[in-house]
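Scroll down for the structure; my scribbles are underneath it.
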Amino acid sequence: MRRSIPLFAAILAVLAAAPARAQTDPNGDICAASDGSAQSPEQRIAACSALIEATKDTPQQQAAAYTNRGAAYYYVNKMPLALSDFSRAVALDPKNSRAFRERGNSYRTVGRIDLALADANEAIRLDPSDAVAFDNRGNVFNNNRQFDRGIDDYNEAVRLDPKFAQAFMDRGVAHYFKKEFESAIRDYDEAIKLNPNRSRAYTNRGAAYKGLGRNDRAIADESEAIRLDPLVPEYYDNRGLSYADNGDFDRAITDYNEAIRLSPAANFLTNRGDAYNQKHDCDRAIKLNPGFVLAYNNRGVTFRAKGDLERAIADFEQALRVDPRMDSAAENLADARQLRDRRDGNAQRMLPSFDCGSARRAVEKAICSDPDLSRLDRQIDDAYKAALIRLKGAGLARVREEQHDFNAERNRAFGRPEYQLKRELERRLAVLRAMGGGN
């Protein structure tokens with residue numbers, strides 16, 4: 001019943017947000033401390049800046065310094081500075097594969113997927129033995145929901161480096177979104193074997209176990225993630241969802257409370273509201289974020305459970321206006337409408353979409369006099385309205401224009417020997433449903 005998005009689903013946007021591991025660049029780690037001691041990102045930025053300002057360095061050395069400084073900027077989430085440094089690096093040294101690789105990763109992080117793919121391709125062309133470059137390109141494909149192509153690149157990454165834990169993590173993401181949960185679990189097993197202290201690996205594996213319906217294993221992994229990193233609010237939310245799926249609402253509410261204490265995010269409030277089976281937390285979530293689609297969907301579920309079908313339908317319709325691709329809201333909307341139809345009686349639903357008492361055209365009178373034609377006309381009207389909710393932009397304009405043209409042609413052609421009204425209504429209904437107009 002809960003339709004919240006656990007932390008794992010957000011990985012599609014960030015793909016295990018930790019920075020890509022460092023690789024040896026063409027001129028070595030030229031920004032490293034002379035005594036080999038560890039550097040903070042700020043120290044590394046300062047060291048690289050000093051090298052860049054030294055006029056004696058070759059273009060390749062300067063490019064390596066820009067690349068290293070860009071990596072430090074990326075680490076502290078200063079993306080404009082990181083992108084600027086990587087671009088300077090590739091201008092100075094067009095053969096610097098690492099600069100292309102890191103710039104591509106930065107482009108992906110800021111949502112420039114086209115540029116990210118171009119840079120990843122160039123990095124691989126320059127150095128086809130670079131496992132991280134393949135992993136980065138796999139992440140680009142994952143962001144584009146091209147999961148099979150992503151898996152191909154992750155396969156190559158782990159072939160080149162069988163101890164590359166991040167590549168196993170990222171391949172697990174692709175398998176998860178393909179609903180290949182057992183394959184995802186195997187990848188997370190390997191990632192945990194290589195790095196047993198990575199909290200995200202446990203929460204991701206927990207999500208895969210949840211996909212198999214193995215909530216007890218999911219809770220165990222989510223608990224380990226919390227033990228390793230107790231300040232991540234999403235981990236508590238994930239475990240709360242698993243407890244709630246098991247019907248253990250007291251523990252679920254305790255976890256949601258902790259998530260809210262760490263970060264009063266709208267989706268945490270919505271999940272707690274669902275656990276309480278009260279709508280007031282969903283109301284507060286919507287007030288915090290009027291575009292928060294899950295809150296509308298969850299509140300609609302609560303209204304539906306209470307028998308308030310009109311308000312449930314209104315919330316599901318609003319959820320689809322915010323996110324026309326939210327399949328769960330579409331399913332809930334169809335279910336709520338069916339419940340309303342059964343409540344109101346089937347006879348009303350046999351009426352066409354217009355008032356037969358006001359029918360003037362011959363085609364309208366024909367529809368009113370035939371139960372099958374009345375039913376089809378009503379279904380077309382419902383499908384058209386559902387499509388208007390789900391479609392946006394050019395798709396919305398298209399369905400409006402096509403519906404206008406269909407009605408005009410129906411009114412004009414009815415009565416001709418070659419025109420079969422029932423067949424044309426059935427065809428129009430199929431088209432509308434294909435465009436997102438329900439079942």
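The way I read the labels, and the way they are meant: chains A, B, ... in the order of the structure tokens, residue 1 as the first residue of every chain, and ligand 1 as the first ligand shown, with later ones counted on from there.
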Skipping near chain neighbours, those fewer than 2 positions away, what residues fall within 6 Å of region 185-194 of chain A using only C-alpha atoms, listed as a PyMOL selection string?
chain A and resi 165+168-169+172+182-183+196+201+205
Near-region 47-62 of chain A list (7 Å; only C-alpha atoms; drop same-chain fewer than 6 positions) as a ChimeraX atom specification
/A:27,31,68-69,92-93
Next, the residues of the selection above should be written as a JSON list (two decimals), in the first residue's frame with N, CA and C atoms.
```json
[["chain", "number", "residue", "atom", "x", "y", "z"],
["A", 27, "ASN", "N", 50.92, 11.78, -15.57],
["A", 27, "ASN", "CA", 52.13, 12.34, -14.97],
["A", 27, "ASN", "C", 52.24, 12.03, -13.49],
["A", 31, "CYS", "N", 50.21, 16.34, -7.42],
["A", 31, "CYS", "CA", 49.79, 17.26, -6.36],
["A", 31, "CYS", "C", 49.98, 16.67, -4.97],
["A", 68, "ASN", "N", 43.71, 16.88, -11.25],
["A", 68, "ASN", "CA", 43.72, 16.56, -9.82],
["A", 68, "ASN", "C", 42.95, 17.59, -9.01],
["A", 69, "ARG", "N", 43.10, 18.86, -9.37],
["A", 69, "ARG", "CA", 42.36, 19.89, -8.64],
["A", 69, "ARG", "C", 40.87, 19.77, -8.92],
["A", 92, "LEU", "N", 44.54, 21.58, -22.67],
["A", 92, "LEU", "CA", 46.00, 21.52, -22.61],
["A", 92, "LEU", "C", 46.55, 20.19, -23.11],
["A", 93, "ASP", "N", 45.81, 19.12, -22.83],
["A", 93, "ASP", "CA", 46.30, 17.78, -23.19],
["A", 93, "ASP", "C", 45.13, 16.94, -23.69]]
```
Using DSSP on the backbone coordinates, identify all residues within region 34-205 of chain A classified as alpha helix (DSSP H); present the result as a PyMOL selection string.
chain A and resi 41-53+59-75+79-92+97-109+113-126+131-143+147-160+165-177+181-194+199-205
Between CA of Arg88 (chain A) and CA of Tyr154 (chain A), what is the spacing in Å?
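The value is 28.7 Å.
Going from CA of Arg108 (chain A) over to CA of Ala64 (chain A), you cover 21.3 Å.
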Please provide as a list in words all residues within 8 Å of Asp85 (chain A), with the sequence filter that same-chain residues fewer than 6 positions apart are discarded (counting only C-alpha atoms).
Tyr66, Thr67, Arg69 and Gly70 of chain A
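Of note, CA of Phe268 (chain A) and CA of Tyr296 (chain A) are spaced 13.7 Å apart.
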Near region 224-239 of chain A, counting only C-alpha atoms, which residues have an atom at most 6 Å away, once you skip same-chain residues fewer than 5 positions from it, shown as JSON, numbers by chain?
{"A": [6, 7, 199, 202, 203, 219, 255, 256, 259, 262]}
Could you pull the residues within 7 Å of Val140 (chain A), counting only C-alpha atoms, minus those fewer than 6 positions along the same chain, as a list of chain:residue names?
A:Arg108, A:Ile113, A:Ala116, A:Leu117
Would you mind exporting C-alpha atoms of the selected residues as a PDB file, in the first residue's frame?
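Result file is result35.pdb:
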```pdb
ATOM      1  CA  ARG A 108      26.460  13.233 -15.335  1.00  0.00           C
ATOM      2  CA  ILE A 113      23.840  13.234 -19.858  1.00  0.00           C
ATOM      3  CA  ALA A 116      28.676  12.867 -20.076  1.00  0.00           C
ATOM      4  CA  LEU A 117      28.305  10.127 -22.674  1.00  0.00           C
TER       5      LEU A 117
END
```
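Among the candidates A:Arg398, A:Asp355, A:Ala63, A:Tyr75, the residue lying nearest to Lys95 (chain A) is A:Ala63 (atoms considered: only C-alpha atoms).
Proximity ranking of A:Leu432, A:Ala65, A:Leu320, A:Ala46 relative to Asp382 (chain A) places A:Leu432 first, based on only C-alpha atoms.
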Residues within 12 Å of Val132 (chain A), only C-alpha atoms, excluding chain neighbours under 3 positions, as an NGL selection string
:A and (19-24 or 97-98 or 100-102 or 104-105 or 120 or 123-124 or 127-129 or 135-139 or 153-168 or 170)
